[in-house]
file entry_7.pdb (PDB, C-alpha atoms)
ATOM      1  CA  MET A   1       6.935  -9.138 -24.553
ATOM      2  CA  THR A   2       4.698 -11.952 -25.730
ATOM      3  CA  SER A   3       6.376 -15.302 -26.087
ATOM      4  CA  PRO A   4       5.318 -17.845 -28.710
ATOM      5  CA  GLY A   5       2.510 -20.066 -27.477
ATOM      6  CA  ASP A   6       1.556 -17.568 -24.812
ATOM      7  CA  GLU A   7      -1.884 -16.665 -26.009
ATOM      8  CA  ARG A   8      -4.373 -14.184 -24.670
ATOM      9  CA  VAL A   9      -6.997 -15.572 -22.350
ATOM     10  CA  ARG A  10     -10.330 -15.800 -24.127
ATOM     11  CA  LEU A  11     -13.428 -16.471 -22.089
ATOM     12  CA  ASP A  12     -16.484 -17.875 -23.783
ATOM     13  CA  GLY A  13     -20.193 -17.399 -23.316
ATOM     14  CA  ALA A  14     -21.468 -15.779 -20.178
ATOM     15  CA  GLU A  15     -18.015 -15.292 -18.680
ATOM     16  CA  GLY A  16     -16.744 -13.611 -21.814
ATOM     17  CA  ASP A  17     -19.726 -11.259 -21.953
ATOM     18  CA  PHE A  18     -19.397 -10.464 -18.278
ATOM     19  CA  VAL A  19     -15.703  -9.582 -18.561
ATOM     20  CA  GLU A  20     -16.331  -7.527 -21.692
ATOM     21  CA  ARG A  21     -18.967  -5.523 -19.889
ATOM     22  CA  LEU A  22     -16.647  -4.910 -16.957
ATOM     23  CA  ALA A  23     -13.846  -3.804 -19.262
ATOM     24  CA  ALA A  24     -16.146  -1.357 -21.052
ATOM     25  CA  ALA A  25     -17.723   0.103 -17.905
ATOM     26  CA  TYR A  26     -14.536   0.271 -15.876
ATOM     27  CA  ALA A  27     -12.212   2.381 -18.009
ATOM     28  CA  PRO A  28     -11.236   6.049 -18.144
ATOM     29  CA  PRO A  29     -12.109   8.057 -21.250
ATOM     30  CA  PRO A  30      -9.271   8.214 -23.813
ATOM     31  CA  MET A  31      -6.865  11.110 -23.366
ATOM     32  CA  THR A  32      -7.432  14.207 -25.432
ATOM     33  CA  ALA A  33      -4.550  15.882 -27.262
ATOM     34  CA  GLY A  34      -4.420  18.511 -24.515
ATOM     35  CA  GLU A  35      -4.289  15.852 -21.800
ATOM     36  CA  ARG A  36      -1.494  14.039 -23.607
ATOM     37  CA  ALA A  37       0.515  17.265 -23.830
ATOM     38  CA  ALA A  38      -0.120  18.032 -20.153
ATOM     39  CA  PHE A  39       0.883  14.496 -19.252
ATOM     40  CA  ASP A  40       4.158  14.751 -21.169
ATOM     41  CA  GLU A  41       4.825  18.115 -19.564
ATOM     42  CA  GLY A  42       4.244  16.521 -16.163
ATOM     43  CA  VAL A  43       6.775  13.777 -16.897
ATOM     44  CA  ARG A  44       9.288  16.338 -18.156
ATOM     45  CA  SER A  45       8.972  18.510 -15.050
ATOM     46  CA  ARG A  46       9.392  15.447 -12.821
ATOM     47  CA  LEU A  47      12.557  14.539 -14.700
ATOM     48  CA  GLU A  48      13.967  18.000 -14.117
ATOM     49  CA  ARG A  49      13.265  17.907 -10.401
ATOM     50  CA  PRO A  50      16.386  17.233  -8.330
ATOM     51  CA  ARG A  51      16.558  13.640  -7.182
ATOM     52  CA  LEU A  52      16.626  12.743  -3.546
ATOM     53  CA  ARG A  53      20.141  11.547  -2.837
ATOM     54  CA  ARG A  54      20.254   7.884  -1.951
ATOM     55  CA  PRO A  55      22.608   8.315   1.039
ATOM     56  CA  LEU A  56      20.001  10.576   2.633
ATOM     57  CA  ILE A  57      17.264   7.973   2.455
ATOM     58  CA  PRO A  58      18.417   5.867   5.461
ATOM     59  CA  ALA A  59      18.865   9.038   7.524
ATOM     60  CA  ILE A  60      15.379  10.254   6.652
ATOM     61  CA  ALA A  61      13.911   6.817   7.360
ATOM     62  CA  ALA A  62      15.680   6.723  10.742
ATOM     63  CA  ALA A  63      14.415  10.198  11.604
ATOM     64  CA  ALA A  64      10.863   9.197  10.659
ATOM     65  CA  ALA A  65      11.116   6.033  12.746
ATOM     66  CA  ALA A  66      12.443   8.032  15.709
ATOM     67  CA  THR A  67       9.583  10.518  15.386
ATOM     68  CA  LEU A  68       7.024   7.717  15.309
ATOM     69  CA  LEU A  69       8.680   6.087  18.316
ATOM     70  CA  TRP A  70       8.654   9.395  20.166
ATOM     71  CA  PHE A  71       4.940   9.839  19.538
ATOM     72  CA  ALA A  72       4.263   6.275  20.607
ATOM     73  CA  ILE A  73       6.229   6.715  23.844
ATOM     74  CA  SER A  74       4.973  10.203  24.635
ATOM     75  CA  ASP A  75       1.407   8.880  24.643
ATOM     76  CA  SER A  76       2.194   6.660  27.602
ATOM     77  CA  ILE A  77       4.286   9.189  29.568
ATOM     78  CA  GLY A  78       2.818  12.275  31.262
ATOM     79  CA  PRO A  79       4.572  15.654  31.498
ATOM     80  CA  ARG A  80       7.825  15.802  33.458
ATOM     81  CA  GLY A  81       7.304  16.295  37.225
ATOM     82  CA  VAL A  82       3.732  15.132  37.130
ATOM     83  CA  PRO A  83       3.392  11.403  37.501
ATOM     84  CA  GLY A  84       1.433   9.593  34.856
ATOM     85  CA  GLU A  85      -1.500   7.390  35.754
ATOM     86  CA  GLU A  86       0.634   4.284  35.974
ATOM     87  CA  GLU A  87       3.142   6.075  38.152
ATOM     88  CA  VAL A  88       0.441   7.275  40.562
ATOM     89  CA  GLU A  89      -0.893   3.746  40.700
ATOM     90  CA  ALA A  90       2.591   2.487  41.493
ATOM     91  CA  VAL A  91       2.991   5.036  44.291
ATOM     92  CA  VAL A  92      -0.426   4.179  45.678
ATOM     93  CA  ALA A  93       0.324   0.501  45.429
ATOM     94  CA  SER A  94       3.687   0.842  47.155
ATOM     95  CA  SER A  95       2.144   2.956  49.973
ATOM     96  CA  TRP A  96      -0.570   0.408  50.407
ATOM     97  CA  GLU A  97       1.956  -2.404  50.432
ATOM     98  CA  ASP A  98       4.236  -0.517  52.794
ATOM     99  CA  GLU A  99       1.382   0.103  55.144
ATOM    100  CA  LEU A 100       0.295  -3.493  55.016
ATOM    101  CA  PHE A 101       3.653  -5.174  55.301
ATOM    102  CA  LEU A 102       5.751  -2.658  57.223
ATOM    103  CA  SER A 103       3.085  -1.863  59.770
ATOM    104  CA  SER A 104       2.336  -5.522  60.222
ATOM    105  CA  ASP A 105       6.076  -6.122  60.637
ATOM    106  CA  LEU A 106       6.144  -3.469  63.349
ATOM    107  CA  ASP A 107       3.100  -4.978  64.935
ATOM    108  CA  ALA A 108       4.723  -8.342  64.669
ATOM    109  CA  SER A 109       7.892  -7.052  66.326
ATOM    110  CA  GLU A 110       5.768  -5.586  69.086
ATOM    111  CA  ASP A 111       3.956  -8.886  69.353
ATOM    112  CA  ARG A 112       7.286 -10.541  69.728
ATOM    113  CA  ASP A 113       8.271  -8.401  72.734
ATOM    114  CA  GLU A 114      10.387 -10.780  74.727
ATOM    115  CA  SER A 115       9.364  -9.177  78.008
ATOM    116  CA  GLU A 116       6.115 -10.975  77.817
ATOM    117  CA  ALA A 117       7.957 -14.214  77.410
ATOM    118  CA  LEU A 118      10.050 -13.784  80.557
ATOM    119  CA  PRO A 119       8.999 -15.684  83.658
ATOM    120  CA  GLY A 120       7.620 -13.669  86.591
ATOM    121  CA  ASP A 121      10.797 -13.707  88.746
ATOM    122  CA  TYR A 122      12.977 -12.569  85.867
ATOM    123  CA  LEU A 123      10.502  -9.782  85.243
ATOM    124  CA  ALA A 124      10.847  -8.690  88.883
ATOM    125  CA  ILE A 125      14.677  -8.682  88.618
ATOM    126  CA  ALA A 126      14.497  -6.772  85.366
ATOM    127  CA  GLY A 127      12.122  -4.266  86.977
ATOM    128  CA  ALA A 128      14.404  -3.824  89.981
ATOM    129  CA  PHE A 129      17.650  -3.389  88.070
ATOM    130  CA  LEU A 130      16.560  -1.818  84.849
ATOM    131  CA  ASP A 131      13.720   0.421  85.882
ATOM    132  CA  GLY A 132      14.793   1.144  89.456
TER     133      GLY A 132
ATOM    134  CA  MET B   1       9.235  15.352 -25.345
ATOM    135  CA  VAL B   2      12.896  16.186 -25.088
ATOM    136  CA  THR B   3      14.285  16.978 -21.662
ATOM    137  CA  GLY B   4      17.004  19.497 -20.900
ATOM    138  CA  ALA B   5      19.580  16.770 -20.385
ATOM    139  CA  ALA B   6      19.962  16.059 -24.065
ATOM    140  CA  ALA B   7      20.074  19.704 -25.039
ATOM    141  CA  ALA B   8      22.671  20.512 -22.399
ATOM    142  CA  GLY B   9      24.775  17.439 -22.989
ATOM    143  CA  GLY B  10      24.522  17.639 -26.705
ATOM    144  CA  SER B  11      25.801  14.112 -27.169
ATOM    145  CA  ILE B  12      24.332  11.811 -29.778
ATOM    146  CA  ALA B  13      23.895   9.052 -27.226
ATOM    147  CA  ALA B  14      21.889  11.303 -24.958
ATOM    148  CA  ALA B  15      19.805  12.521 -27.863
ATOM    149  CA  ASN B  16      19.138   8.930 -28.896
ATOM    150  CA  LEU B  17      18.119   8.127 -25.369
ATOM    151  CA  GLU B  18      15.724  11.056 -25.374
ATOM    152  CA  GLN B  19      14.305   9.997 -28.690
ATOM    153  CA  ARG B  20      13.855   6.459 -27.497
ATOM    154  CA  PHE B  21      12.139   7.668 -24.341
ATOM    155  CA  THR B  22       9.817   9.970 -26.278
ATOM    156  CA  VAL B  23       8.734   7.060 -28.452
ATOM    157  CA  PHE B  24       8.350   4.831 -25.420
ATOM    158  CA  VAL B  25       6.082   7.349 -23.653
ATOM    159  CA  ALA B  26       4.000   7.924 -26.781
ATOM    160  CA  THR B  27       3.585   4.166 -27.253
ATOM    161  CA  HIS B  28       2.631   3.293 -23.686
ATOM    162  CA  ARG B  29       1.096   6.470 -22.292
ATOM    163  CA  GLU B  30      -2.534   5.593 -22.924
ATOM    164  CA  ARG B  31      -2.384   1.973 -21.855
ATOM    165  CA  ALA B  32      -0.245   2.706 -18.802
ATOM    166  CA  ARG B  33      -2.608   5.421 -17.614
ATOM    167  CA  ARG B  34      -5.647   3.206 -18.137
ATOM    168  CA  LEU B  35      -4.002   0.319 -16.280
ATOM    169  CA  ALA B  36      -3.015   2.620 -13.404
ATOM    170  CA  TRP B  37      -6.546   4.069 -13.341
ATOM    171  CA  ARG B  38      -8.012   0.597 -13.005
ATOM    172  CA  LEU B  39      -5.480  -0.507 -10.407
ATOM    173  CA  VAL B  40      -5.987   2.529  -8.148
ATOM    174  CA  GLY B  41      -9.767   2.250  -8.268
ATOM    175  CA  GLY B  42     -10.751   4.876 -10.814
ATOM    176  CA  ASP B  43      -8.897   7.829  -9.321
ATOM    177  CA  ALA B  44      -7.768   9.928 -12.304
ATOM    178  CA  ALA B  45      -5.317  12.154 -10.432
ATOM    179  CA  ALA B  46      -3.693   9.193  -8.676
ATOM    180  CA  ALA B  47      -3.497   7.283 -11.961
ATOM    181  CA  GLU B  48      -1.690  10.178 -13.603
ATOM    182  CA  ASP B  49       0.696  10.518 -10.674
ATOM    183  CA  VAL B  50       1.469   6.791 -10.625
ATOM    184  CA  THR B  51       1.971   6.652 -14.390
ATOM    185  CA  GLN B  52       4.207   9.700 -14.571
ATOM    186  CA  GLU B  53       6.344   8.401 -11.730
ATOM    187  CA  ALA B  54       6.699   5.039 -13.479
ATOM    188  CA  PHE B  55       7.810   6.834 -16.687
ATOM    189  CA  VAL B  56      10.374   8.824 -14.725
ATOM    190  CA  LYS B  57      11.788   5.587 -13.332
ATOM    191  CA  ALA B  58      11.785   4.091 -16.814
ATOM    192  CA  TYR B  59      13.740   7.076 -18.105
ATOM    193  CA  ARG B  60      16.394   6.648 -15.448
ATOM    194  CA  ALA B  61      16.670   2.944 -16.205
ATOM    195  CA  LEU B  62      16.603   3.374 -19.976
ATOM    196  CA  GLY B  63      20.332   2.934 -20.413
ATOM    197  CA  ARG B  64      20.242  -0.462 -18.705
ATOM    198  CA  PHE B  65      17.811  -1.935 -21.224
ATOM    199  CA  ARG B  66      18.881  -2.453 -24.792
ATOM    200  CA  GLU B  67      15.657  -4.113 -25.798
ATOM    201  CA  ASP B  68      12.437  -2.181 -25.483
ATOM    202  CA  SER B  69      10.568  -5.406 -24.702
ATOM    203  CA  LYS B  70      12.622  -5.820 -21.522
ATOM    204  CA  LEU B  71      12.092  -2.180 -20.665
ATOM    205  CA  GLU B  72       8.365  -2.623 -21.259
ATOM    206  CA  THR B  73       8.125  -5.544 -18.823
ATOM    207  CA  TRP B  74      10.165  -3.651 -16.273
ATOM    208  CA  PHE B  75       8.086  -0.503 -16.738
ATOM    209  CA  TYR B  76       4.740  -2.243 -16.225
ATOM    210  CA  ARG B  77       6.107  -4.062 -13.191
ATOM    211  CA  ILE B  78       7.068  -0.690 -11.719
ATOM    212  CA  LEU B  79       3.658   0.707 -12.599
ATOM    213  CA  VAL B  80       1.803  -2.142 -10.864
ATOM    214  CA  ARG B  81       3.980  -1.700  -7.780
ATOM    215  CA  GLN B  82       3.482   2.073  -7.766
ATOM    216  CA  ALA B  83      -0.269   1.592  -7.973
ATOM    217  CA  HIS B  84      -0.161  -0.877  -5.108
ATOM    218  CA  ASN B  85       1.869   1.561  -3.004
ATOM    219  CA  HIS B  86      -0.697   4.241  -3.720
ATOM    220  CA  ARG B  87      -3.526   1.990  -2.508
ATOM    221  CA  ARG B  88      -1.578   1.168   0.648
ATOM    222  CA  TRP B  89      -0.911   4.804   1.435
ATOM    223  CA  ARG B  90      -4.544   5.661   0.807
ATOM    224  CA  ALA B  91      -5.607   2.930   3.227
ATOM    225  CA  VAL B  92      -3.130   4.214   5.839
ATOM    226  CA  ARG B  93      -4.362   7.795   5.394
ATOM    227  CA  LEU B  94      -7.958   6.654   5.779
ATOM    228  CA  ARG B  95      -7.126   4.737   8.942
ATOM    229  CA  TRP B  96      -5.298   7.707  10.476
ATOM    230  CA  SER B  97      -8.077  10.091   9.573
ATOM    231  CA  GLY B  98     -10.574   7.902  11.398
ATOM    232  CA  GLY B  99     -11.869   5.956   8.423
ATOM    233  CA  SER B 100     -12.399   2.231   8.371
ATOM    234  CA  GLY B 101      -9.024   1.619   6.775
ATOM    235  CA  GLY B 102     -10.670  -0.072   3.848
ATOM    236  CA  GLU B 103     -10.120   0.950   0.283
ATOM    237  CA  ALA B 104     -12.852   3.459  -0.268
ATOM    238  CA  PRO B 105     -13.271   4.672  -3.831
ATOM    239  CA  ASP B 106     -12.042   8.108  -4.694
ATOM    240  CA  PRO B 107     -14.701  10.822  -4.433
ATOM    241  CA  SER B 108     -13.692  12.472  -7.715
ATOM    242  CA  PRO B 109     -16.323  12.524 -10.463
ATOM    243  CA  TRP B 110     -16.600   9.206 -12.272
ATOM    244  CA  PRO B 111     -15.812   9.624 -15.939
ATOM    245  CA  ALA B 112     -17.312   6.381 -17.215
ATOM    246  CA  ARG B 113     -20.579   6.308 -19.090
ATOM    247  CA  ASP B 114     -22.373   4.633 -16.206
ATOM    248  CA  PRO B 115     -20.969   6.161 -12.973
ATOM    249  CA  GLY B 116     -22.974   3.889 -10.678
ATOM    250  CA  LEU B 117     -21.788   0.748 -12.427
ATOM    251  CA  GLY B 118     -18.211   1.992 -12.547
ATOM    252  CA  ARG B 119     -18.175   2.583  -8.808
ATOM    253  CA  ARG B 120     -19.726  -0.810  -8.118
ATOM    254  CA  ILE B 121     -17.047  -2.514 -10.186
ATOM    255  CA  ALA B 122     -14.335  -0.524  -8.401
ATOM    256  CA  GLU B 123     -15.726  -1.560  -5.035
ATOM    257  CA  ALA B 124     -16.040  -5.212  -6.057
ATOM    258  CA  LEU B 125     -12.443  -5.172  -7.321
ATOM    259  CA  GLY B 126     -11.399  -3.489  -4.078
ATOM    260  CA  ARG B 127     -12.754  -6.418  -2.112
ATOM    261  CA  LEU B 128     -10.559  -8.904  -3.969
ATOM    262  CA  THR B 129      -7.125  -9.699  -2.624
ATOM    263  CA  ARG B 130      -4.309  -7.631  -4.067
ATOM    264  CA  ARG B 131      -3.036 -10.437  -6.321
ATOM    265  CA  GLN B 132      -6.504 -11.439  -7.503
ATOM    266  CA  ARG B 133      -7.288  -7.843  -8.425
ATOM    267  CA  GLU B 134      -3.986  -7.281 -10.202
ATOM    268  CA  ALA B 135      -4.200 -10.558 -12.108
ATOM    269  CA  PHE B 136      -7.793  -9.908 -13.160
ATOM    270  CA  ILE B 137      -7.098  -6.369 -14.336
ATOM    271  CA  LEU B 138      -3.926  -7.326 -16.199
ATOM    272  CA  VAL B 139      -5.318 -10.365 -17.966
ATOM    273  CA  HIS B 140      -9.041  -9.794 -18.394
ATOM    274  CA  LEU B 141      -9.285  -6.026 -18.593
ATOM    275  CA  GLU B 142      -5.925  -5.087 -20.126
ATOM    276  CA  GLY B 143      -5.307  -8.126 -22.280
ATOM    277  CA  PHE B 144      -1.896  -9.155 -20.990
ATOM    278  CA  THR B 145      -1.209 -12.857 -21.358
ATOM    279  CA  VAL B 146      -0.999 -15.055 -18.285
ATOM    280  CA  ARG B 147       2.741 -15.418 -18.815
ATOM    281  CA  GLU B 148       3.240 -11.665 -19.132
ATOM    282  CA  SER B 149       1.152 -11.068 -16.029
ATOM    283  CA  ALA B 150       3.077 -13.707 -14.110
ATOM    284  CA  GLU B 151       6.266 -11.919 -15.077
ATOM    285  CA  LEU B 152       4.872  -8.554 -14.013
ATOM    286  CA  LEU B 153       3.587  -9.868 -10.706
ATOM    287  CA  GLY B 154       6.628 -12.024 -10.023
ATOM    288  CA  LYS B 155       4.483 -15.155  -9.567
ATOM    289  CA  PRO B 156       4.321 -18.517 -11.331
ATOM    290  CA  THR B 157       1.752 -18.816 -14.132
ATOM    291  CA  GLY B 158      -0.163 -21.440 -12.137
ATOM    292  CA  THR B 159      -0.606 -19.003  -9.271
ATOM    293  CA  VAL B 160      -1.822 -16.297 -11.626
ATOM    294  CA  LYS B 161      -4.352 -18.707 -13.157
ATOM    295  CA  SER B 162      -5.597 -19.593  -9.704
ATOM    296  CA  HIS B 163      -5.984 -15.892  -8.823
ATOM    297  CA  LEU B 164      -7.839 -15.320 -12.068
ATOM    298  CA  HIS B 165     -10.233 -18.163 -11.423
ATOM    299  CA  ARG B 166     -11.037 -16.985  -7.903
ATOM    300  CA  ALA B 167     -11.302 -13.345  -8.927
ATOM    301  CA  LEU B 168     -13.748 -14.138 -11.700
ATOM    302  CA  ARG B 169     -15.860 -16.339  -9.439
ATOM    303  CA  LYS B 170     -16.034 -13.635  -6.736
ATOM    304  CA  LEU B 171     -16.819 -10.857  -9.185
ATOM    305  CA  ARG B 172     -19.564 -12.864 -10.874
ATOM    306  CA  ALA B 173     -21.098 -13.528  -7.477
ATOM    307  CA  GLU B 174     -20.828  -9.873  -6.397
ATOM    308  CA  LEU B 175     -22.064  -8.457  -9.683
ATOM    309  CA  ALA B 176     -24.509 -11.223 -10.460
ATOM    310  CA  ASP B 177     -27.170  -8.752 -11.540
ATOM    311  CA  LEU B 178     -25.023  -7.794 -14.522
ATOM    312  CA  GLN B 179     -25.756 -11.187 -16.025
ATOM    313  CA  ASP B 180     -29.038 -12.515 -17.313
ATOM    314  CA  VAL B 181     -30.629 -15.584 -15.833
ATOM    315  CA  ASP B 182     -29.896 -17.550 -18.987
ATOM    316  CA  GLY B 183     -26.171 -16.925 -18.527
ATOM    317  CA  GLY B 184     -25.869 -14.056 -20.970
ATOM    318  CA  CYS B 185     -24.940 -10.522 -20.102
ATOM    319  CA  ARG B 186     -27.442  -7.716 -19.929
ATOM    320  CA  LYS B 187     -26.826  -5.182 -22.659
TER     321      LYS B 187
END
call {"tool": "encode", "arguments": {"input": "entry_7.pdb", "output": "structure tokens"}}
result
Amino acid sequence: MTSPGDERVRLDGAEGDFVERLAAAYAPPPMTAGERAAFDEGVRSRLERPRLRRPLIPAIAAAAAATLLWFAISDSIGPRGVPGEEEVEAVVASSWEDELFLSSDLDASEDRDESEALPGDYLAIAGAFLDG
Amino acid sequence: MVTGAAAAGGSIAAANLEQRFTVFVATHRERARRLAWRLVGGDAAAAEDVTQEAFVKAYRALGRFREDSKLETWFYRILVRQAHNHRRWRAVRLRWSGGSGGEAPDPSPWPARDPGLGRRIAEALGRLTRRQREAFILVHLEGFTVRESAELLGKPTGTVKSHLHRALRKLRAELADLQDVDGGCRK
């Protein structure tokens, strides 16, 4: 794999010593004959395992994504029939708004009762014909 | 190490493939396992898993490579990627299990002569960026050339050199006590 002119990096002095020490201290012990045999056996058994069919991979990935999405969504939604916190807040907010705006509208409509705007003689005629 | 495929098939080509693979495993087993061990932070079981999986992939790709040198480059590239995937999954598992999400060293017994030092080096390497760590391990600890490492990492040689420079500077700062005041290394 080595190309001509592509030499190994050699560090000098303190850097070289430092790297050498790291390389010596940070290495696994060499494999024993038993470990080599067990390793080869491990590779062989992996080779004999049936391969996951490629066409199944997108389906599995989609199923995993759907599961993750479901968990993400289900965290923010309460059980069916019982409103979640946000839903309760929405109901409370709408009641509060209804009370504020609708009741004030009603009050406003009452305030706008035209009877109070009629002159006194028209009120007397209205009283005579409508109430009498 | 001859698999059932050759025996069942009985063809000369398959047998040659098996033979070639057996030689390939025997040639690279030790170095591949050591490289994986260093890349995954000193976790022996993970290193074995990563290495075996890389060999399995090499076996399946064997027919595509006529030259072993090409197969070798491809194999080590797969190995580095497998090791990186392992680190990522470990970080995800740690995060989900309530850990910090960082790359904590494996709790398995440390086989090196100086366990404390080995763990410190693993932790210091873990704090490097992915590319700095991979470049440093490949070039300085495993003896790959810069060009080979660049090929394995899929980066230009200049980028690899830059990663190496930064990695070495960070590690020397983190593990400064491993060096003597006069610039030499404590023995």
call {"tool": "interface_residues", "arguments": {"input": "entry_7.pdb", "of": "chain A", "to": "chain B", "cutoff": "12 Å", "atoms": "all atoms listed in the file", "output": "NGL selection string"}}
result
:A and (1-33 or 35-49 or 51)
call {"tool": "write_last_selection", "arguments": {"input": "entry_7.pdb", "atoms": "C-alpha atoms", "output": "short mmCIF file (atom, residue, chain, number, x, y, z; two decimals), in the coordinates of the input"}}
result
data_model
loop_
_atom_site.label_atom_id
_atom_site.label_comp_id
_atom_site.auth_asym_id
_atom_site.auth_seq_id
_atom_site.Cartn_x
_atom_site.Cartn_y
_atom_site.Cartn_z
CA MET A 1 6.94 -9.14 -24.55
CA THR A 2 4.70 -11.95 -25.73
CA SER A 3 6.38 -15.30 -26.09
CA PRO A 4 5.32 -17.84 -28.71
CA GLY A 5 2.51 -20.07 -27.48
CA ASP A 6 1.56 -17.57 -24.81
CA GLU A 7 -1.88 -16.66 -26.01
CA ARG A 8 -4.37 -14.18 -24.67
CA VAL A 9 -7.00 -15.57 -22.35
CA ARG A 10 -10.33 -15.80 -24.13
CA LEU A 11 -13.43 -16.47 -22.09
CA ASP A 12 -16.48 -17.88 -23.78
CA GLY A 13 -20.19 -17.40 -23.32
CA ALA A 14 -21.47 -15.78 -20.18
CA GLU A 15 -18.02 -15.29 -18.68
CA GLY A 16 -16.74 -13.61 -21.81
CA ASP A 17 -19.73 -11.26 -21.95
CA PHE A 18 -19.40 -10.46 -18.28
CA VAL A 19 -15.70 -9.58 -18.56
CA GLU A 20 -16.33 -7.53 -21.69
CA ARG A 21 -18.97 -5.52 -19.89
CA LEU A 22 -16.65 -4.91 -16.96
CA ALA A 23 -13.85 -3.80 -19.26
CA ALA A 24 -16.15 -1.36 -21.05
CA ALA A 25 -17.72 0.10 -17.90
CA TYR A 26 -14.54 0.27 -15.88
CA ALA A 27 -12.21 2.38 -18.01
CA PRO A 28 -11.24 6.05 -18.14
CA PRO A 29 -12.11 8.06 -21.25
CA PRO A 30 -9.27 8.21 -23.81
CA MET A 31 -6.86 11.11 -23.37
CA THR A 32 -7.43 14.21 -25.43
CA ALA A 33 -4.55 15.88 -27.26
CA GLU A 35 -4.29 15.85 -21.80
CA ARG A 36 -1.49 14.04 -23.61
CA ALA A 37 0.52 17.26 -23.83
CA ALA A 38 -0.12 18.03 -20.15
CA PHE A 39 0.88 14.50 -19.25
CA ASP A 40 4.16 14.75 -21.17
CA GLU A 41 4.82 18.11 -19.56
CA GLY A 42 4.24 16.52 -16.16
CA VAL A 43 6.78 13.78 -16.90
CA ARG A 44 9.29 16.34 -18.16
CA SER A 45 8.97 18.51 -15.05
CA ARG A 46 9.39 15.45 -12.82
CA LEU A 47 12.56 14.54 -14.70
CA GLU A 48 13.97 18.00 -14.12
CA ARG A 49 13.26 17.91 -10.40
CA ARG A 51 16.56 13.64 -7.18
#
call {"tool": "atom_distance", "arguments": {"input": "entry_7.pdb", "atom1": "atom CA of Pro156 of chain B", "atom2": "atom CA of Ala58 of chain B"}}
result
24.4 Å
call {"tool": "closest_residue", "arguments": {"input": "entry_7.pdb", "among": "B:Tyr76, B:Arg127, B:Arg95, B:His84", "to": "Ser149 of chain B", "atoms": "only C-alpha atoms"}}
result
B:Tyr76
call {"tool": "atom_distance", "arguments": {"input": "entry_7.pdb", "atom1": "atom CA of His163 of chain B", "atom2": "atom CA of Val80 of chain B"}}
result
15.9 Å
call {"tool": "atom_distance", "arguments": {"input": "entry_7.pdb", "atom1": "atom CA of Arg130 of chain B", "atom2": "atom CA of Leu62 of chain B"}}
result
28.5 Å
call {"tool": "residues_around", "arguments": {"input": "entry_7.pdb", "residues": "segment 165-167 of chain B", "least_positions_apart": "3", "cutoff": "9 Å", "atoms": "all atoms listed in the file", "output": "ChimeraX atom specification"}}
result
/B:125,128-129,132-133,135-136,160-162,170-172
call {"tool": "decode", "arguments": {"input": "entry_7.pdb", "residues": "segment 118-130 of chain B", "atoms": "C-alpha atoms", "output": "PDB file, in the first residue's frame"}}
result
ATOM      1  CA  GLY B 118      -3.307   3.432  29.625  1.00  0.00           C
ATOM      2  CA  ARG B 119      -6.608   4.869  30.797  1.00  0.00           C
ATOM      3  CA  ARG B 120      -5.206   8.393  30.866  1.00  0.00           C
ATOM      4  CA  ILE B 121      -4.011   8.045  27.288  1.00  0.00           C
ATOM      5  CA  ALA B 122      -7.396   6.653  26.240  1.00  0.00           C
ATOM      6  CA  GLU B 123      -9.156   9.589  27.859  1.00  0.00           C
ATOM      7  CA  ALA B 124      -6.785  12.129  26.310  1.00  0.00           C
ATOM      8  CA  LEU B 125      -7.309  10.537  22.886  1.00  0.00           C
ATOM      9  CA  GLY B 126     -11.055  10.569  23.524  1.00  0.00           C
ATOM     10  CA  ARG B 127     -10.959  14.323  23.946  1.00  0.00           C
ATOM     11  CA  LEU B 128      -9.427  14.846  20.507  1.00  0.00           C
ATOM     12  CA  THR B 129     -11.695  15.324  17.530  1.00  0.00           C
ATOM     13  CA  ARG B 130     -12.515  12.175  15.605  1.00  0.00           C
TER      14      ARG B 130
END
